[in-house]
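Novice: Here you go, one structure.
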Amino acid sequence: MRVLLLTESFLPHMNGVTNSVLRVVEELALRGDDILVVAPGPDSHPSLEVPVELVRSFPLPQYPQVRVAVAGSRRLVELMRRYRPDVIHLASPFVLGWQALVAADTLNIPTVAIYQTDVIAYAQKYGLPRGRALAASHTARLHRRATLTLAPSTAAIARLESLGVDRVRRWGRGVDARQFRPERRSDPLRERLAGGALIVGYVGRLAPEKQVADLAALRGIPGMRLVIVGDGPDRAALQRALPEAAFLGHLSGTALAEAVASFDVFVHPGESETFGQTIQEALASGTPVVATGAGGPVDLVRSSVDGWLYRPGDLGDLRARVEDLLGDHAKRRAFGAAAREGVASRTWEALTVDLVTHYEQAARLRAIDDALPARAAVRPELSEASVARPRWSRYVALGDSITEGLCDTSRMPAGEFRGWAERLAMLLAHERVQPFRFANLAVRSRKVADLTGAQLDRTLELRPDLVSVLIGANDLVGPSADPDLLAAQVDAAVARLRECGADVLLVTPFLPRRRTAMIFARRFARYNALLRGIARRHGCLLLDVEAHPAIGEHDMWADDKVHLRSRGHRFLAYRAAEVLGVRDAEALGELDAVLHSDEDLPAPGSWLARDALPWVWRRLRGRTAGDGRVAKHDDYVLVPRKRRTRTRQPG
């Protein structure tokens with residue numbers, strides 16, 4: 001792949017972001033990928049084995065080691081055009097990352113944003129209440145614009161989702177288990193630092209957000225020496241506050257690995273960590289960890305296995321956990337062995353393989369986004385085939401003319417239609433040897449109110465174990481449609497179905513790719529975003545049709561321009577079958593398309609006389625095409641199932 005990796009932190013300033021970038025670059029290069037790094041200047045990096053493009057930056061006044069990079073979007077567009085990346089990797093984006101997102105959108109390039117720095121918490125720690133609100137707003141806006149966001153921990157994912165960010169995946173950090181290992185423990189170093197005392201150590205930046213001052217709670221523990229590795233703006237103040245501690249400054253390489261392995265207990269008091277790479281390095285070194293039970297450490301430390309998580313803000317609990325380990329050599333040894341074993345599989349090589357998979361997902365998602373007629377806050381996700389086997393025996397389909405099957409005339413008697421739901425029922429029946437029953441309560445022109453009324457009441461009487469819901473299009477094309485109100489009504493109906501034990505397949509409505517249909521695109525996008533939330537809250541199966549842009553193509557739609565032809569119904573049925581776990585649904589769909597390649601017969605007459613004028617006439621009279629019609633399967637029909645094969649006995 002061609003990867004443009006843009007980072008807001010880089011050499012010579014070494015921190016978690018810089019370290020991650022260097023390791024990703026190293027592993028991608030070993031894979032044979034092409035990498036271009038865009039990083040803050042002005043320093044050059046001739047030792048790096050990949051090309052680096054430096055952009056203008058300026059240092060923070062109170063923290064000159066940290067630089068804020070800026071580059072005009074025009075320059076970034078030119079750079080991207082020249083390099084032609086397959087994906088843009090944004091390492092801890094904020095200022096430069098936002099400019100890169102704007103440039104990438106100009107060129108329709110997929111972006112993967114790595115959430116690695118909790119700027120919101122940092123603003124709070126630095127006493128900037130207005131800055132916190134601005135940081136939260138900008139973080140949300142930035143990650144909602146990225147094609148895909150990777151977060152290192154469950155706490156980080158929760159933070160982003162609370163800001164309304166969608167498409168968040170978990171992607172942690174690797175650890176160099178060859179560099180950080182128990183064999184690095186150095187008796188001479190221990191003697192020099194603590195004599196015969198046990199060592200409690202901290203590694204990290206010395207800044208307010210790391211809460212290193214909390215380690216004063218450990219003062220006075222008998223036979224203990226506190227050792228602090230790192231540098232930062234708080235160092236002088238911490239040396240005054242913790243005069244009994246040994247401050248080693250910034251360490252790297254073998255010196256850092258020896259220090260960490262020589263600790264008896266590693267402590268980490270920061271509550272705003274999105275991950276906690278130094279914790280992982282301590283674990284790899286066989287050093288038990290005591291960390292706060294908030295943020296990234298929650299996913300790294302297995303409390304009572306390889307360390308302890310203390311109650312956030314409870315410094316008495318911090319002290320008690322440290323004393324527990326210092327006072328029990330056997331426990332320290334057991335925790336240390338478990339720590340090393342627990343990180344054995346977290347290599348940078350394995351993490352980079354996962355990262356490339358996320359790059360590939362971002363490329364597929366970008367194609368979906370570029371095909372959307374309008375975007376909403378919650379975008380379509382990739383539609384993955386279910387691994388679960390279909391288990392249902394009673395299926396009821398609810399909806400309007402699309403689910404009724406209007407215009408799907410393939411191999412049907414004159415005036416009768418099949419439809420995607422009936423095709424799906426056949427596929428589900430094929431998966432079973434027991435009887436399979438199907439009812440289709442959908443009727444043309446029906447709206448959300450019809451589904452939540454008569455259709456829902458009849459469904460509850462039928463007691464199905466699977467219900468499909470595709471509704472809302474007729475409402476959304478009305479003059480005063482309210483997507484939020486419509487979604488709330490669907491939400492209530494889905495809740496009742498779930499309470500009765502039925503699984504629900506929720507299907508998002510869709511539009512043909514025609515210019516006239518685009519006037520409704522924003523309504524459909526908003527409504528579908530709300531349906532995604534309904535599916536998540538109620539544990540529904542979701543067929544997100546917006547993730548399948550092919551449904552909008554002209555050859556999927558019938559001559560009347562508002563219903564699917566047989567090809568469209570086949571497409572929808574097999575996408576639903578994938579979601580429901582029908583085996584080989586994709587292959588079956590391709591075979592079906594070949595065997596039924598015959599097109600629907602052209603409708604007689606002109607579109608204006610045949611479809612448009614009758615519709616206008618019905619509207620003027622206050623009528624609909626569904627008036628007086630009833631569902632074609634108001635009760636269960638038995639769907640043919642596959643037969644059991646009998647083994648012929650010899651003789």
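Letters for chains follow the order of the structure tokens (A, B, ...), residue numbers begin at 1 for each chain, and ligand numbers begin at 1 in the order shown.
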Hey, could you make a per-residue contact list for region 298-344 of chain A against region 249-273 of chain A with 9 Å as the cut-off, showing the nearest pair of atoms and its distance in Å to one decimal, counting only C-alpha atoms, sorted by chain and number, as JSON lines?

Specialist:
{"residue": "A:Gly307", "atom": "CA", "partner": "A:Val265", "partner_atom": "CA", "distance": 8.8}
{"residue": "A:Pro312", "atom": "CA", "partner": "A:Glu271", "partner_atom": "CA", "distance": 7.1}
{"residue": "A:Gly313", "atom": "CA", "partner": "A:Glu271", "partner_atom": "CA", "distance": 8.5}
{"residue": "A:Leu318", "atom": "CA", "partner": "A:Pro269", "partner_atom": "CA", "distance": 8.4}
{"residue": "A:Val322", "atom": "CA", "partner": "A:Val265", "partner_atom": "CA", "distance": 7.3}
{"residue": "A:Leu325", "atom": "CA", "partner": "A:Val265", "partner_atom": "CA", "distance": 7.3}
{"residue": "A:Leu326", "atom": "CA", "partner": "A:Val265", "partner_atom": "CA", "distance": 7.5}
{"residue": "A:Arg332", "atom": "CA", "partner": "A:Asp264", "partner_atom": "CA", "distance": 7.5}

Novice: Could you write out the selected residues, including N, CA and C atoms, as a PDB file, in the first residue's frame?

Specialist:
ATOM      1  N   GLY A 307      -1.216  -7.184  38.582  1.00  0.00           N
ATOM      2  CA  GLY A 307      -1.106  -5.894  39.251  1.00  0.00           C
ATOM      3  C   GLY A 307      -2.399  -5.549  39.959  1.00  0.00           C
ATOM      4  N   PRO A 312      -9.910   5.455  41.330  1.00  0.00           N
ATOM      5  CA  PRO A 312      -9.442   6.756  40.876  1.00  0.00           C
ATOM      6  C   PRO A 312      -9.632   7.830  41.941  1.00  0.00           C
ATOM      7  N   GLY A 313      -8.563   8.563  42.210  1.00  0.00           N
ATOM      8  CA  GLY A 313      -8.607   9.646  43.186  1.00  0.00           C
ATOM      9  C   GLY A 313      -8.428   9.209  44.625  1.00  0.00           C
ATOM     10  N   LEU A 318      -4.273   3.717  46.643  1.00  0.00           N
ATOM     11  CA  LEU A 318      -2.999   3.621  45.929  1.00  0.00           C
ATOM     12  C   LEU A 318      -1.896   3.132  46.864  1.00  0.00           C
ATOM     13  N   VAL A 322       0.233  -0.586  46.783  1.00  0.00           N
ATOM     14  CA  VAL A 322       1.689  -0.648  46.685  1.00  0.00           C
ATOM     15  C   VAL A 322       2.260  -1.409  47.884  1.00  0.00           C
ATOM     16  N   LEU A 325       1.992  -5.243  47.557  1.00  0.00           N
ATOM     17  CA  LEU A 325       2.990  -5.907  46.719  1.00  0.00           C
ATOM     18  C   LEU A 325       4.388  -5.843  47.316  1.00  0.00           C
ATOM     19  N   LEU A 326       4.723  -4.716  47.926  1.00  0.00           N
ATOM     20  CA  LEU A 326       6.053  -4.603  48.529  1.00  0.00           C
ATOM     21  C   LEU A 326       6.210  -5.596  49.681  1.00  0.00           C
ATOM     22  N   ARG A 332       4.647 -10.683  44.307  1.00  0.00           N
ATOM     23  CA  ARG A 332       5.313  -9.892  43.275  1.00  0.00           C
ATOM     24  C   ARG A 332       5.846 -10.795  42.167  1.00  0.00           C
TER      25      ARG A 332
END

Novice: If you count only C-alpha atoms, which residues fall within 8 Å of Glu404 (chain A), apart from same-chain ones fewer than 3 positions away, as number ranges by chain?

Specialist: A: 399-401, 417-419, 421, 440-444, 631-632

Novice: Emit the selected residues as a compact mmCIF listing (two decimals), in the first residue's frame, including C-alpha atoms.

Specialist:
# COMPACT_ATOMS: atom_id res chain seq x y z
CA GLY A 399 -43.59 -2.54 5.31
CA ASP A 400 -44.87 -0.94 2.14
CA SER A 401 -44.76 -1.61 -1.61
CA PHE A 417 -45.43 -10.20 -7.47
CA ARG A 418 -42.70 -11.90 -5.47
CA GLY A 419 -40.51 -9.36 -3.66
CA ALA A 421 -39.03 -10.69 1.56
CA ASN A 440 -46.14 -10.76 4.49
CA LEU A 441 -48.24 -7.94 5.94
CA ALA A 442 -46.74 -5.23 3.72
CA VAL A 443 -49.10 -3.23 1.51
CA ARG A 444 -48.27 -0.51 -1.03
CA ALA A 631 -51.83 -8.06 2.72
CA LYS A 632 -51.16 -10.90 0.30

Novice: I'd like the contact shell of Asp34 (chain A) - 9 Å cut-off, only C-alpha atoms, skipping same-chain residues fewer than 3 positions apart - returned as a list in words.

Specialist: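 After dropping sequence-adjacent residues, the list is Met1, Arg2, Val3, Leu4, Leu28, Ala29, Val50 and Pro85 of chain A.
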
Novice: Write the residues of the selection above to a file with N, CA and C atoms, as a compact mmCIF listing (two decimals), in the first residue's frame.

Specialist:
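result-v7.txt was written with the following content:
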# COMPACT_ATOMS: atom_id res chain seq x y z
N MET A 1 0.84 -1.19 0.00
CA MET A 1 0.00 0.00 0.00
C MET A 1 0.87 1.24 0.00
N ARG A 2 0.31 2.33 -0.48
CA ARG A 2 0.97 3.63 -0.39
C ARG A 2 0.30 4.39 0.75
N VAL A 3 1.06 4.63 1.81
CA VAL A 3 0.52 5.21 3.04
C VAL A 3 1.17 6.57 3.27
N LEU A 4 0.34 7.60 3.36
CA LEU A 4 0.82 8.90 3.80
C LEU A 4 0.53 9.00 5.29
N LEU A 28 5.61 -1.27 8.55
CA LEU A 28 5.09 -1.12 7.19
C LEU A 28 6.20 -1.26 6.16
N ALA A 29 7.37 -0.68 6.47
CA ALA A 29 8.51 -0.79 5.56
C ALA A 29 8.95 -2.24 5.41
N VAL A 50 12.63 6.12 5.52
CA VAL A 50 11.55 6.49 4.61
C VAL A 50 11.57 8.00 4.42
N PRO A 85 -1.51 8.59 -2.35
CA PRO A 85 -1.64 7.54 -1.33
C PRO A 85 -2.92 6.75 -1.48

Novice: Might you pull out every residue within 6 Å of region 143-157 of chain A, with only C-alpha atoms counted and same-chain residues fewer than 4 positions away left off, and present them as a PyMOL selection string?

Specialist: chain A and resi 110-115+165+167-172+274-275+295-296+362

Novice: From a DSSP calculation on the backbone, collect every residue of region 132-172 of chain A in strand (DSSP E or B) and output the set as a PDB file with C-alpha atoms, in the first residue's frame.

Specialist:
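Now in part-v7.pdb:
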ATOM      1  CA  LEU A 148     -12.420   5.557  10.328  1.00  0.00           C
ATOM      2  CA  THR A 149     -11.145   6.180  13.860  1.00  0.00           C
ATOM      3  CA  LEU A 150      -8.939   3.808  15.842  1.00  0.00           C
ATOM      4  CA  ALA A 151      -8.916   4.086  19.633  1.00  0.00           C
ATOM      5  CA  VAL A 168     -14.660   3.695  16.020  1.00  0.00           C
ATOM      6  CA  ARG A 169     -12.575   0.529  16.174  1.00  0.00           C
ATOM      7  CA  ARG A 170     -10.256  -0.660  18.900  1.00  0.00           C
TER       8      ARG A 170
END

Novice: Which residue out of A:Gly501, A:Gly342, A:Gly472, A:Pro640 has the minimum interatomic distance to Glu431 (chain A) when only C-alpha atoms are used?

Specialist: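 With only C-alpha atoms as the atom set, the closest residue is A:Pro640.
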
Novice: Would you give me, as a Markdown table, each residue of region 375-400 of chain A having an atom within 8 Å of an atom of region 569-582 of chain A, along with its shortest atom pair and that distance in Å to one decimal, using only C-alpha atoms and sorting by chain and residue number?

Specialist:
| residue | atom | partner | partner_atom | distance |
| --- | --- | --- | --- | --- |
| A:Ser383 | CA | A:Val579 | CA | 7.5 |
| A:Glu384 | CA | A:Val579 | CA | 6.9 |
| A:Ala385 | CA | A:Glu578 | CA | 4.7 |
| A:Ser386 | CA | A:Gly581 | CA | 4.5 |
| A:Val387 | CA | A:Gly581 | CA | 5.7 |
| A:Ala388 | CA | A:Gly581 | CA | 5.4 |
| A:Arg389 | CA | A:Gly581 | CA | 5.2 |
| A:Pro390 | CA | A:Gly581 | CA | 5.8 |
